[in-house]
Each structure stands twice: as structure tokens, then as C-alpha cells.
>>> print(open('query.cif').read())   # mmCIF, C-alpha atoms; chains and numbers go by the auth columns
data_query
#
loop_
_atom_site.group_PDB
_atom_site.id
_atom_site.type_symbol
_atom_site.label_atom_id
_atom_site.label_comp_id
_atom_site.label_asym_id
_atom_site.label_seq_id
_atom_site.Cartn_x
_atom_site.Cartn_y
_atom_site.Cartn_z
_atom_site.B_iso_or_equiv
_atom_site.auth_seq_id
_atom_site.auth_asym_id
ATOM 1 C CA MET A 1 -59.465 -88.573 45.471 0.00 1 I
ATOM 2 C CA ALA A 2 -58.982 -90.820 42.511 0.00 2 I
ATOM 3 C CA SER A 3 -62.547 -90.150 41.432 0.00 3 I
ATOM 4 C CA HIS A 4 -61.947 -86.408 41.598 0.00 4 I
ATOM 5 C CA LEU A 5 -58.886 -86.714 39.389 0.00 5 I
ATOM 6 C CA ASP A 6 -60.781 -88.891 36.939 0.00 6 I
ATOM 7 C CA LEU A 7 -63.483 -86.242 36.666 0.00 7 I
ATOM 8 C CA GLU A 8 -60.868 -83.512 35.988 0.00 8 I
ATOM 9 C CA GLU A 9 -59.170 -85.649 33.363 0.00 9 I
ATOM 10 C CA GLN A 10 -62.518 -86.420 31.750 0.00 10 I
ATOM 11 C CA GLU A 11 -63.386 -82.719 31.688 0.00 11 I
ATOM 12 C CA GLN A 12 -60.021 -81.841 30.113 0.00 12 I
ATOM 13 C CA LEU A 13 -60.498 -84.635 27.595 0.00 13 I
ATOM 14 C CA ASP A 14 -63.960 -83.336 26.737 0.00 14 I
ATOM 15 C CA GLN A 15 -62.574 -79.824 26.291 0.00 15 I
ATOM 16 C CA LEU A 16 -59.831 -81.173 24.056 0.00 16 I
ATOM 17 C CA LYS A 17 -62.377 -83.088 21.968 0.00 17 I
ATOM 18 C CA HIS A 18 -64.536 -80.000 21.660 0.00 18 I
ATOM 19 C CA PHE A 19 -61.532 -77.899 20.626 0.00 19 I
ATOM 20 C CA TRP A 20 -60.422 -80.479 18.073 0.00 20 I
ATOM 21 C CA ASN A 21 -63.918 -80.892 16.667 0.00 21 I
ATOM 22 C CA ARG A 22 -64.076 -77.154 16.136 0.00 22 I
ATOM 23 C CA TRP A 23 -60.546 -76.397 14.970 0.00 23 I
ATOM 24 C CA GLY A 24 -59.023 -79.745 14.031 0.00 24 I
ATOM 25 C CA ALA A 25 -59.745 -79.591 10.317 0.00 25 I
ATOM 26 C CA LEU A 26 -58.368 -76.054 10.061 0.00 26 I
ATOM 27 C CA ILE A 27 -55.210 -76.999 11.944 0.00 27 I
ATOM 28 C CA THR A 28 -54.740 -80.062 9.756 0.00 28 I
ATOM 29 C CA TRP A 29 -55.058 -78.051 6.548 0.00 29 I
ATOM 30 C CA ALA A 30 -52.735 -75.372 7.909 0.00 30 I
ATOM 31 C CA LEU A 31 -50.114 -78.022 8.659 0.00 31 I
ATOM 32 C CA ILE A 32 -50.572 -79.556 5.215 0.00 32 I
ATOM 33 C CA VAL A 33 -50.098 -76.150 3.566 0.00 33 I
ATOM 34 C CA ALA A 34 -47.059 -75.342 5.735 0.00 34 I
ATOM 35 C CA PHE A 35 -45.332 -78.658 5.140 0.00 35 I
ATOM 36 C CA GLY A 36 -46.297 -78.551 1.463 0.00 36 I
ATOM 37 C CA ALA A 37 -44.788 -75.076 1.100 0.00 37 I
ATOM 38 C CA LEU A 38 -41.626 -76.236 2.875 0.00 38 I
ATOM 39 C CA ALA A 39 -41.362 -79.253 0.595 0.00 39 I
ATOM 40 C CA ALA A 40 -41.935 -77.073 -2.479 0.00 40 I
ATOM 41 C CA TRP A 41 -39.299 -74.574 -1.316 0.00 41 I
ATOM 42 C CA ASN A 42 -36.780 -77.332 -0.683 0.00 42 I
ATOM 43 C CA GLY A 43 -37.605 -78.817 -4.074 0.00 43 I
ATOM 44 C CA TYR A 44 -37.157 -75.442 -5.765 0.00 44 I
ATOM 45 C CA GLN A 45 -33.833 -74.887 -4.018 0.00 45 I
ATOM 46 C CA TYR A 46 -32.674 -78.328 -5.141 0.00 46 I
ATOM 47 C CA TRP A 47 -33.802 -77.595 -8.706 0.00 47 I
ATOM 48 C CA GLN A 48 -31.979 -74.265 -8.706 0.00 48 I
ATOM 49 C CA ARG A 49 -28.777 -75.860 -7.405 0.00 49 I
ATOM 50 C CA ARG A 50 -29.049 -78.574 -10.043 0.00 50 I
ATOM 51 C CA GLN A 51 -29.682 -75.999 -12.788 0.00 51 I
ATOM 52 C CA ALA A 52 -26.700 -73.941 -11.642 0.00 52 I
ATOM 53 C CA SER A 53 -24.480 -77.014 -11.501 0.00 53 I
ATOM 54 C CA GLN A 54 -25.411 -78.095 -15.024 0.00 54 I
ATOM 55 C CA ALA A 55 -25.159 -74.537 -16.344 0.00 55 I
ATOM 56 C CA SER A 56 -21.676 -74.174 -14.892 0.00 56 I
ATOM 57 C CA VAL A 57 -20.532 -77.173 -16.941 0.00 57 I
ATOM 58 C CA LEU A 58 -21.675 -75.528 -20.160 0.00 58 I
ATOM 59 C CA TYR A 59 -20.200 -72.193 -19.101 0.00 59 I
ATOM 60 C CA ASP A 60 -16.856 -73.928 -18.580 0.00 60 I
ATOM 61 C CA GLU A 61 -17.172 -75.291 -22.115 0.00 61 I
ATOM 62 C CA VAL A 62 -17.695 -71.740 -23.441 0.00 62 I
ATOM 63 C CA ASP A 63 -14.651 -70.624 -21.459 0.00 63 I
ATOM 64 C CA ARG A 64 -12.456 -73.460 -22.726 0.00 64 I
ATOM 65 C CA ALA A 65 -13.544 -72.839 -26.305 0.00 65 I
ATOM 66 C CA ALA A 66 -12.781 -69.131 -25.935 0.00 66 I
ATOM 67 C CA GLU A 67 -9.337 -69.901 -24.527 0.00 67 I
ATOM 68 C CA ALA A 68 -8.695 -72.200 -27.482 0.00 68 I
ATOM 69 C CA GLY A 69 -9.886 -69.551 -29.925 0.00 69 I
ATOM 70 C CA ASP A 70 -12.452 -71.957 -31.394 0.00 70 I
ATOM 71 C CA ALA A 71 -15.311 -69.684 -32.508 0.00 71 I
ATOM 72 C CA THR A 72 -17.475 -72.584 -33.678 0.00 72 I
ATOM 73 C CA ARG A 73 -17.299 -74.295 -30.289 0.00 73 I
ATOM 74 C CA VAL A 74 -17.911 -71.013 -28.498 0.00 74 I
ATOM 75 C CA GLU A 75 -21.081 -70.350 -30.457 0.00 75 I
ATOM 76 C CA ARG A 76 -22.334 -73.918 -30.088 0.00 76 I
ATOM 77 C CA ALA A 77 -21.650 -74.074 -26.345 0.00 77 I
ATOM 78 C CA PHE A 78 -23.269 -70.710 -25.717 0.00 78 I
ATOM 79 C CA ASN A 79 -26.353 -71.650 -27.722 0.00 79 I
ATOM 80 C CA ASP A 80 -26.701 -74.799 -25.609 0.00 80 I
ATOM 81 C CA LEU A 81 -26.233 -72.770 -22.446 0.00 81 I
ATOM 82 C CA LYS A 82 -28.867 -70.145 -23.243 0.00 82 I
ATOM 83 C CA ASP A 83 -31.348 -72.650 -24.655 0.00 83 I
ATOM 84 C CA LYS A 84 -31.186 -74.974 -21.651 0.00 84 I
ATOM 85 C CA PHE A 85 -30.334 -72.647 -18.784 0.00 85 I
ATOM 86 C CA GLY A 86 -31.223 -69.196 -20.048 0.00 86 I
ATOM 87 C CA ARG A 87 -32.545 -68.031 -16.671 0.00 87 I
ATOM 88 C CA THR A 88 -29.265 -68.632 -14.860 0.00 88 I
ATOM 89 C CA LEU A 89 -26.542 -66.035 -14.400 0.00 89 I
ATOM 90 C CA TYR A 90 -24.137 -68.463 -16.046 0.00 90 I
ATOM 91 C CA ALA A 91 -26.008 -67.863 -19.296 0.00 91 I
ATOM 92 C CA SER A 92 -25.538 -64.099 -18.973 0.00 92 I
ATOM 93 C CA GLN A 93 -21.852 -64.520 -18.158 0.00 93 I
ATOM 94 C CA GLY A 94 -21.497 -66.969 -21.029 0.00 94 I
ATOM 95 C CA GLY A 95 -23.104 -64.485 -23.421 0.00 95 I
ATOM 96 C CA LEU A 96 -20.661 -61.739 -22.490 0.00 96 I
ATOM 97 C CA LEU A 97 -17.732 -64.124 -22.817 0.00 97 I
ATOM 98 C CA ALA A 98 -19.000 -65.478 -26.128 0.00 98 I
ATOM 99 C CA GLY A 99 -19.548 -61.968 -27.455 0.00 99 I
ATOM 100 C CA LYS A 100 -15.948 -61.003 -26.789 0.00 100 I
ATOM 101 C CA ALA A 101 -14.487 -64.272 -28.085 0.00 101 I
ATOM 102 C CA LEU A 102 -16.540 -64.196 -31.269 0.00 102 I
ATOM 103 C CA TYR A 103 -15.724 -60.533 -31.903 0.00 103 I
ATOM 104 C CA ASP A 104 -12.011 -61.223 -31.461 0.00 104 I
ATOM 105 C CA LYS A 105 -12.299 -63.930 -34.102 0.00 105 I
ATOM 106 C CA GLY A 106 -14.064 -61.638 -36.544 0.00 106 I
ATOM 107 C CA GLN A 107 -17.469 -63.279 -36.135 0.00 107 I
ATOM 108 C CA ILE A 108 -19.230 -59.935 -35.834 0.00 108 I
ATOM 109 C CA ASP A 109 -22.804 -61.052 -36.451 0.00 109 I
ATOM 110 C CA ALA A 110 -22.484 -63.915 -33.970 0.00 110 I
ATOM 111 C CA ALA A 111 -20.914 -61.565 -31.414 0.00 111 I
ATOM 112 C CA LYS A 112 -23.782 -59.091 -31.825 0.00 112 I
ATOM 113 C CA ALA A 113 -26.327 -61.893 -31.442 0.00 113 I
ATOM 114 C CA ALA A 114 -24.748 -63.116 -28.198 0.00 114 I
ATOM 115 C CA LEU A 115 -24.579 -59.635 -26.705 0.00 115 I
ATOM 116 C CA ALA A 116 -28.103 -58.775 -27.863 0.00 116 I
ATOM 117 C CA TRP A 117 -29.423 -61.897 -26.144 0.00 117 I
ATOM 118 C CA VAL A 118 -27.877 -60.854 -22.822 0.00 118 I
ATOM 119 C CA ALA A 119 -29.125 -57.285 -23.246 0.00 119 I
ATOM 120 C CA GLU A 120 -32.680 -58.482 -23.820 0.00 120 I
ATOM 121 C CA LYS A 121 -32.982 -61.722 -21.855 0.00 121 I
ATOM 122 C CA SER A 122 -30.687 -61.540 -18.827 0.00 122 I
ATOM 123 C CA ALA A 123 -32.448 -61.538 -15.464 0.00 123 I
ATOM 124 C CA ASP A 124 -29.747 -59.244 -14.065 0.00 124 I
ATOM 125 C CA THR A 125 -29.861 -55.533 -14.952 0.00 125 I
ATOM 126 C CA GLY A 126 -26.106 -55.201 -14.456 0.00 126 I
ATOM 127 C CA TYR A 127 -25.362 -57.854 -17.069 0.00 127 I
ATOM 128 C CA GLN A 128 -27.929 -56.241 -19.367 0.00 128 I
ATOM 129 C CA ALA A 129 -26.155 -52.897 -19.028 0.00 129 I
ATOM 130 C CA VAL A 130 -22.712 -54.364 -19.720 0.00 130 I
ATOM 131 C CA ALA A 131 -24.071 -56.183 -22.771 0.00 131 I
ATOM 132 C CA ARG A 132 -25.647 -52.997 -24.136 0.00 132 I
ATOM 133 C CA LEU A 133 -22.417 -51.052 -23.695 0.00 133 I
ATOM 134 C CA ARG A 134 -20.375 -53.740 -25.432 0.00 134 I
ATOM 135 C CA LEU A 135 -22.936 -54.148 -28.201 0.00 135 I
ATOM 136 C CA ALA A 136 -22.923 -50.389 -28.758 0.00 136 I
ATOM 137 C CA ALA A 137 -19.136 -50.521 -29.106 0.00 137 I
ATOM 138 C CA VAL A 138 -19.396 -53.293 -31.707 0.00 138 I
ATOM 139 C CA LEU A 139 -22.051 -51.343 -33.600 0.00 139 I
ATOM 140 C CA LEU A 140 -19.936 -48.184 -33.407 0.00 140 I
ATOM 141 C CA ASP A 141 -17.001 -50.048 -34.907 0.00 141 I
ATOM 142 C CA ALA A 142 -19.313 -51.246 -37.689 0.00 142 I
ATOM 143 C CA LYS A 143 -20.488 -47.631 -38.233 0.00 143 I
ATOM 144 C CA ALA A 144 -24.053 -48.665 -37.340 0.00 144 I
ATOM 145 C CA TYR A 145 -24.508 -45.424 -35.428 0.00 145 I
ATOM 146 C CA ASP A 146 -28.296 -45.366 -35.185 0.00 146 I
ATOM 147 C CA GLU A 147 -28.385 -48.916 -33.831 0.00 147 I
ATOM 148 C CA ALA A 148 -25.653 -48.057 -31.336 0.00 148 I
ATOM 149 C CA MET A 149 -27.613 -45.053 -30.079 0.00 149 I
ATOM 150 C CA ARG A 150 -30.731 -47.197 -29.695 0.00 150 I
ATOM 151 C CA GLN A 151 -28.806 -49.489 -27.381 0.00 151 I
ATOM 152 C CA LEU A 152 -27.477 -46.549 -25.403 0.00 152 I
ATOM 153 C CA SER A 153 -30.906 -44.950 -25.143 0.00 153 I
ATOM 154 C CA ALA A 154 -32.251 -47.906 -23.160 0.00 154 I
ATOM 155 C CA SER A 155 -32.735 -47.691 -19.411 0.00 155 I
ATOM 156 C CA PHE A 156 -29.505 -48.180 -17.420 0.00 156 I
ATOM 157 C CA PRO A 157 -28.951 -48.675 -13.694 0.00 157 I
ATOM 158 C CA PRO A 158 -27.678 -45.402 -12.148 0.00 158 I
ATOM 159 C CA SER A 159 -24.086 -46.613 -11.818 0.00 159 I
ATOM 160 C CA PHE A 160 -23.954 -47.344 -15.573 0.00 160 I
ATOM 161 C CA VAL A 161 -25.439 -44.057 -16.793 0.00 161 I
ATOM 162 C CA PRO A 162 -22.061 -42.215 -16.952 0.00 162 I
ATOM 163 C CA LEU A 163 -20.590 -45.086 -18.968 0.00 163 I
ATOM 164 C CA ALA A 164 -23.527 -44.891 -21.370 0.00 164 I
ATOM 165 C CA ASP A 165 -23.047 -41.120 -21.703 0.00 165 I
ATOM 166 C CA ASP A 166 -19.371 -41.612 -22.495 0.00 166 I
ATOM 167 C CA ARG A 167 -20.236 -44.176 -25.159 0.00 167 I
ATOM 168 C CA LYS A 168 -22.904 -41.830 -26.554 0.00 168 I
ATOM 169 C CA GLY A 169 -20.191 -39.212 -26.862 0.00 169 I
ATOM 170 C CA ASP A 170 -18.085 -41.646 -28.910 0.00 170 I
ATOM 171 C CA VAL A 171 -20.986 -42.371 -31.256 0.00 171 I
ATOM 172 C CA LEU A 172 -21.950 -38.714 -31.651 0.00 172 I
ATOM 173 C CA LEU A 173 -18.342 -37.746 -32.328 0.00 173 I
ATOM 174 C CA ALA A 174 -18.078 -40.450 -34.981 0.00 174 I
ATOM 175 C CA GLN A 175 -21.177 -38.933 -36.606 0.00 175 I
ATOM 176 C CA GLY A 176 -19.547 -35.513 -36.593 0.00 176 I
ATOM 177 C CA ASN A 177 -21.860 -34.074 -33.920 0.00 177 I
ATOM 178 C CA LYS A 178 -19.101 -32.461 -31.892 0.00 178 I
ATOM 179 C CA ALA A 179 -21.267 -30.204 -29.733 0.00 179 I
ATOM 180 C CA GLU A 180 -23.584 -33.055 -28.742 0.00 180 I
ATOM 181 C CA ALA A 181 -20.593 -35.299 -28.140 0.00 181 I
ATOM 182 C CA ALA A 182 -19.054 -32.689 -25.829 0.00 182 I
ATOM 183 C CA ALA A 183 -22.336 -32.456 -23.907 0.00 183 I
ATOM 184 C CA ALA A 184 -22.473 -36.240 -23.461 0.00 184 I
ATOM 185 C CA TYR A 185 -18.833 -36.379 -22.366 0.00 185 I
ATOM 186 C CA GLY A 186 -19.521 -33.493 -19.988 0.00 186 I
ATOM 187 C CA ARG A 187 -22.352 -35.375 -18.256 0.00 187 I
ATOM 188 C CA ALA A 188 -20.125 -38.406 -17.903 0.00 188 I
ATOM 189 C CA TRP A 189 -17.194 -36.352 -16.581 0.00 189 I
ATOM 190 C CA LYS A 190 -19.342 -34.723 -13.906 0.00 190 I
ATOM 191 C CA ALA A 191 -20.706 -38.086 -12.750 0.00 191 I
ATOM 192 C CA PHE A 192 -17.338 -39.721 -12.040 0.00 192 I
ATOM 193 C CA ASP A 193 -15.414 -39.082 -8.833 0.00 193 I
ATOM 194 C CA GLU A 194 -12.503 -36.675 -9.023 0.00 194 I
ATOM 195 C CA GLY A 195 -9.167 -38.315 -9.719 0.00 195 I
ATOM 196 C CA THR A 196 -10.534 -41.551 -11.174 0.00 196 I
ATOM 197 C CA ASP A 197 -8.843 -42.893 -14.285 0.00 197 I
ATOM 198 C CA TYR A 198 -12.081 -42.964 -16.239 0.00 198 I
ATOM 199 C CA ARG A 199 -12.764 -39.302 -15.457 0.00 199 I
ATOM 200 C CA ASN A 200 -9.271 -38.410 -16.613 0.00 200 I
ATOM 201 C CA LEU A 201 -9.865 -40.288 -19.868 0.00 201 I
ATOM 202 C CA ILE A 202 -13.095 -38.384 -20.509 0.00 202 I
ATOM 203 C CA GLU A 203 -11.308 -35.138 -19.700 0.00 203 I
ATOM 204 C CA ILE A 204 -8.807 -35.924 -22.452 0.00 204 I
ATOM 205 C CA LYS A 205 -11.692 -36.434 -24.876 0.00 205 I
ATOM 206 C CA LEU A 206 -13.189 -33.090 -23.857 0.00 206 I
ATOM 207 C CA ASN A 207 -9.837 -31.347 -24.205 0.00 207 I
ATOM 208 C CA ALA A 208 -9.531 -32.758 -27.727 0.00 208 I
ATOM 209 C CA LEU A 209 -12.829 -31.024 -28.511 0.00 209 I
ATOM 210 C CA GLY A 210 -11.510 -27.768 -27.110 0.00 210 I
ATOM 211 C CA VAL A 211 -13.472 -28.014 -23.862 0.00 211 I
ATOM 212 C CA ASP A 212 -11.828 -27.558 -20.464 0.00 212 I
ATOM 213 C CA PRO A 213 -14.147 -29.059 -17.808 0.00 213 I
ATOM 214 C CA LEU A 214 -11.919 -27.682 -15.043 0.00 214 I
ATOM 215 C CA ALA A 215 -12.411 -24.111 -16.180 0.00 215 I
ATOM 216 C CA GLY A 216 -15.646 -23.694 -14.199 0.00 216 I
ATOM 217 C CA ALA A 217 -17.714 -25.344 -11.538 0.00 217 I
ATOM 218 C CA SER A 218 -20.422 -26.228 -14.030 0.00 218 I
ATOM 219 C CA LEU A 219 -20.083 -27.565 -17.529 0.00 219 I
ATOM 220 C CA VAL A 220 -21.975 -25.828 -20.277 0.00 220 I
ATOM 221 C CA ALA A 221 -22.029 -27.588 -23.621 0.00 221 I
ATOM 222 C CA PRO A 222 -20.402 -25.369 -26.257 0.00 222 I
ATOM 223 C CA SER A 223 -22.337 -24.400 -29.324 0.00 223 I
ATOM 224 C CA ALA A 224 -21.637 -26.212 -32.540 0.00 224 I
ATOM 225 C CA ALA A 225 -20.056 -23.095 -34.029 0.00 225 I
ATOM 226 C CA ALA A 226 -17.803 -22.621 -31.014 0.00 226 I
ATOM 227 C CA VAL A 227 -16.580 -26.180 -31.169 0.00 227 I
ATOM 228 C CA GLU A 228 -15.927 -26.013 -34.900 0.00 228 I
ATOM 229 C CA LYS A 229 -13.666 -22.953 -34.368 0.00 229 I
ATOM 230 C CA LYS A 230 -11.426 -24.904 -31.989 0.00 230 I
ATOM 231 C CA PRO A 231 -8.289 -26.402 -33.530 0.00 231 I
#
>>> encode(input="query.cif", output="C-alpha cells")
Amino acid sequence: MASHLDLEEQEQLDQLKHFWNRWGALITWALIVAFGALAAWNGYQYWQRRQASQASVLYDEVDRAAEAGDATRVERAFNDLKDKFGRTLYASQGGLLAGKALYDKGQIDAAKAALAWVAEKSADTGYQAVARLRLAAVLLDAKAYDEAMRQLSASFPPSFVPLADDRKGDVLLAQGNKAEAAAAYGRAWKAFDEGTDYRNLIEIKLNALGVDPLAGASLVAPSAAAVEKKP
């Protein structure tokens, strides 16, 4: 009986040896790759957490400088943030914050530079869109209409398109292109849900141009001559 069991065990052992001789190297390499990938993933996650932690410190410095109204510190802290941690969302948030703080302090060129960096370099399309809209507003205020329109002509996520159209209307109106401005406002008005505050604001702009968007189901941009005749 014992001999029979020994023979079975020997046969199983031989089968195992044969299997390992055939597939052992492949299994070993597969395990090495799997454990290596796991280690790399864990290392990457650790690196990302460390980057985010360090970036948050610099973002807090931008925030504190903005609260203190110290434009020099704002610019310096944001430059450190984007140079060291430009791929983090903290850098995008810091750029938007720096843009506003610098603009409020009259540092227009520095504000434009911060917003332009977010618009071009942010890894998040939402932050890019917000930066472009704010930069266009700064350029509009500076009467740099062509530059503002270039920002607004960039690709926007669908949810930001109506906001871009509204801002285009502002730029076109400032240029004296009332018919084109009305058309841009009309696209924006149609895109917003009924009863929203933003839609009501755009409706006021249209009314000021002599256009009543509620008059019909569809908006048709008035001709330039028609708009000019309105009071």
C-alpha cells in the first residue's frame, strides 16, 4: 500500500517537474512583471500624494499673499508653484487666484501672464476654460479686442460655450458690432435654462440692443441696419 502511494506521489512530482520545466520561467517573469507593476503603481501614487502635499503648501502661500494684498508675494509664490508643481491642479487653482489678486492690485501684465499660463498649460479643460474667460475679460477692459476674441475662439467644453458666446457679445459690442453682438448674446440666451439668473442678464443685454428674445420661439439675429434704428 505504501509502495503504491509512493509511486503516485513520484508520478505527481514528475508531472510537477515537467510542468515547471516547461512553464516555470514564464510564470516567474509574469510574477516579476506583476509585482514590478504593483510596486511602480504604489510608487507613483506615493509620488503624486507627495507632489500634491507640497503643492498645497505653495497654494496656501498664494492664498495668504492674496488675502494680504501683497502682489509681489502672490507673483513669487505662484511662479514657484507652477515651476515646481505645474502638473498639479493646485497650480491651476493658484493661477486663477493669482490672476484675480494681481488684477485687483493693478498688475495687469502679471495677471494676464498668470491666466494665460492656466489657459495654455492646465491639465484640466475646465480650468483652461475659466482662465480663457477671465483673460478675455481683462483684455476687453484693456481694449485689446482682437486678443480677447482669440481667447474666446479657442475650443471650450460644451458647458462653457454659452459663457464664451456671452463674452464674445461683450467684445463685439465694445467694437461697435451690434448685430454680431446680438447674435452672440442670442446663442448664449438660448443655451441657458429658462429662469436662470444668467439667462435673465443676457436678456437684459439683448433688450438694450432692441432685441426681444421672448418674441418668438427662435432667435434671428437682426440686421445691422435694423439694430442701428433701435433707440
>>> residues_near_point(input="query.cif", point="(-20.7, -65.1, -23.6)", cutoff="9 Å", atoms="all atoms listed in the file", output="PyMOL selection string")
chain I and resi 59+62-63+74-75+78+90-102+111+114-115+118
>>> closest_residue(input="query.cif", among="I:Ala182, I:Ala174, I:Ala116, I:Ala123", to="I:Ala144", atoms="only C-alpha atoms")
I:Ala174
>>> atom_distance(input="query.cif", atom1="atom CA of I:Pro162", atom2="atom CA of I:Arg199")
9.9 Å
>>> closest_residue(input="query.cif", among="I:Leu201, I:Leu173, I:Ala215, I:Leu163", to="I:Tyr145", atoms="only C-alpha atoms")
I:Leu173
>>> atom_distance(input="query.cif", atom1="atom CA of I:Asn177", atom2="atom CA of I:Phe156")
23.0 Å
>>> atom_distance(input="query.cif", atom1="atom CA of I:Ala113", atom2="atom CA of I:Ala68")
20.8 Å
>>> resolve_selection(input="query.cif", expression="the PyMOL selection byres ((chain I and resi 166) around 8)", output="PyMOL selection string")
chain I and resi 162-165+167-170+184-185+188+202
>>> resolve_selection(input="query.cif", expression="the PyMOL selection byres ((chain I and resi 153) around 12)", output="list in words")
Ala129, Arg132, Leu133, Ala136, Asp146, Glu147, Ala148, Met149, Arg150, Gln151, Leu152, Ala154, Ser155, Phe156, Val161, Ala164, Asp165, Arg167, Lys168 and Val171 of chain I
>>> build_atoms(input="query.cif", residues="stretch 147-164 of chain I", atoms="N, CA, C and O atoms", output="JSON list (two decimals), keeping the file's coordinate frame")
[["chain", "number", "residue", "atom", "x", "y", "z"],
["I", 147, "GLU", "N", -28.16, -47.73, -34.66],
["I", 147, "GLU", "CA", -28.38, -48.92, -33.83],
["I", 147, "GLU", "C", -27.64, -48.79, -32.51],
["I", 147, "GLU", "O", -28.15, -49.17, -31.45],
["I", 148, "ALA", "N", -26.43, -48.25, -32.56],
["I", 148, "ALA", "CA", -25.65, -48.06, -31.34],
["I", 148, "ALA", "C", -26.37, -47.11, -30.39],
["I", 148, "ALA", "O", -26.47, -47.35, -29.18],
["I", 149, "MET", "N", -26.90, -46.02, -30.92],
["I", 149, "MET", "CA", -27.61, -45.05, -30.08],
["I", 149, "MET", "C", -28.89, -45.64, -29.50],
["I", 149, "MET", "O", -29.29, -45.30, -28.38],
["I", 150, "ARG", "N", -29.53, -46.54, -30.24],
["I", 150, "ARG", "CA", -30.73, -47.20, -29.70],
["I", 150, "ARG", "C", -30.38, -48.03, -28.47],
["I", 150, "ARG", "O", -31.12, -48.06, -27.49],
["I", 151, "GLN", "N", -29.25, -48.71, -28.54],
["I", 151, "GLN", "CA", -28.81, -49.49, -27.38],
["I", 151, "GLN", "C", -28.50, -48.59, -26.19],
["I", 151, "GLN", "O", -28.85, -48.89, -25.05],
["I", 152, "LEU", "N", -27.88, -47.46, -26.47],
["I", 152, "LEU", "CA", -27.48, -46.55, -25.40],
["I", 152, "LEU", "C", -28.63, -45.71, -24.87],
["I", 152, "LEU", "O", -28.51, -45.09, -23.81],
["I", 153, "SER", "N", -29.73, -45.70, -25.59],
["I", 153, "SER", "CA", -30.91, -44.95, -25.14],
["I", 153, "SER", "C", -31.82, -45.78, -24.25],
["I", 153, "SER", "O", -32.83, -45.27, -23.76],
["I", 154, "ALA", "N", -31.47, -47.04, -24.05],
["I", 154, "ALA", "CA", -32.25, -47.91, -23.16],
["I", 154, "ALA", "C", -32.05, -47.46, -21.71],
["I", 154, "ALA", "O", -31.18, -46.65, -21.40],
["I", 155, "SER", "N", -32.86, -48.01, -20.84],
["I", 155, "SER", "CA", -32.74, -47.69, -19.41],
["I", 155, "SER", "C", -31.52, -48.40, -18.81],
["I", 155, "SER", "O", -31.33, -49.60, -19.02],
["I", 156, "PHE", "N", -30.70, -47.64, -18.06],
["I", 156, "PHE", "CA", -29.50, -48.18, -17.42],
["I", 156, "PHE", "C", -29.61, -47.99, -15.91],
["I", 156, "PHE", "O", -30.16, -46.98, -15.45],
["I", 157, "PRO", "N", -29.07, -48.92, -15.14],
["I", 157, "PRO", "CA", -28.95, -48.68, -13.69],
["I", 157, "PRO", "C", -28.12, -47.41, -13.46],
["I", 157, "PRO", "O", -27.24, -47.09, -14.28],
["I", 158, "PRO", "N", -28.37, -46.68, -12.38],
["I", 158, "PRO", "CA", -27.68, -45.40, -12.15],
["I", 158, "PRO", "C", -26.16, -45.47, -12.28],
["I", 158, "PRO", "O", -25.55, -44.55, -12.84],
["I", 159, "SER", "N", -25.55, -46.53, -11.79],
["I", 159, "SER", "CA", -24.09, -46.61, -11.82],
["I", 159, "SER", "C", -23.54, -46.77, -13.24],
["I", 159, "SER", "O", -22.34, -46.53, -13.48],
["I", 160, "PHE", "N", -24.40, -47.15, -14.19],
["I", 160, "PHE", "CA", -23.95, -47.34, -15.57],
["I", 160, "PHE", "C", -24.26, -46.14, -16.46],
["I", 160, "PHE", "O", -23.80, -46.09, -17.60],
["I", 161, "VAL", "N", -25.04, -45.21, -15.97],
["I", 161, "VAL", "CA", -25.44, -44.06, -16.79],
["I", 161, "VAL", "C", -24.23, -43.26, -17.29],
["I", 161, "VAL", "O", -24.17, -42.89, -18.48],
["I", 162, "PRO", "N", -23.23, -42.95, -16.44],
["I", 162, "PRO", "CA", -22.06, -42.22, -16.95],
["I", 162, "PRO", "C", -21.32, -42.97, -18.05],
["I", 162, "PRO", "O", -20.82, -42.36, -19.01],
["I", 163, "LEU", "N", -21.25, -44.29, -17.93],
["I", 163, "LEU", "CA", -20.59, -45.09, -18.97],
["I", 163, "LEU", "C", -21.37, -45.00, -20.28],
["I", 163, "LEU", "O", -20.78, -44.92, -21.36],
["I", 164, "ALA", "N", -22.70, -45.02, -20.17],
["I", 164, "ALA", "CA", -23.53, -44.89, -21.37],
["I", 164, "ALA", "C", -23.35, -43.51, -22.00],
["I", 164, "ALA", "O", -23.27, -43.38, -23.23]]
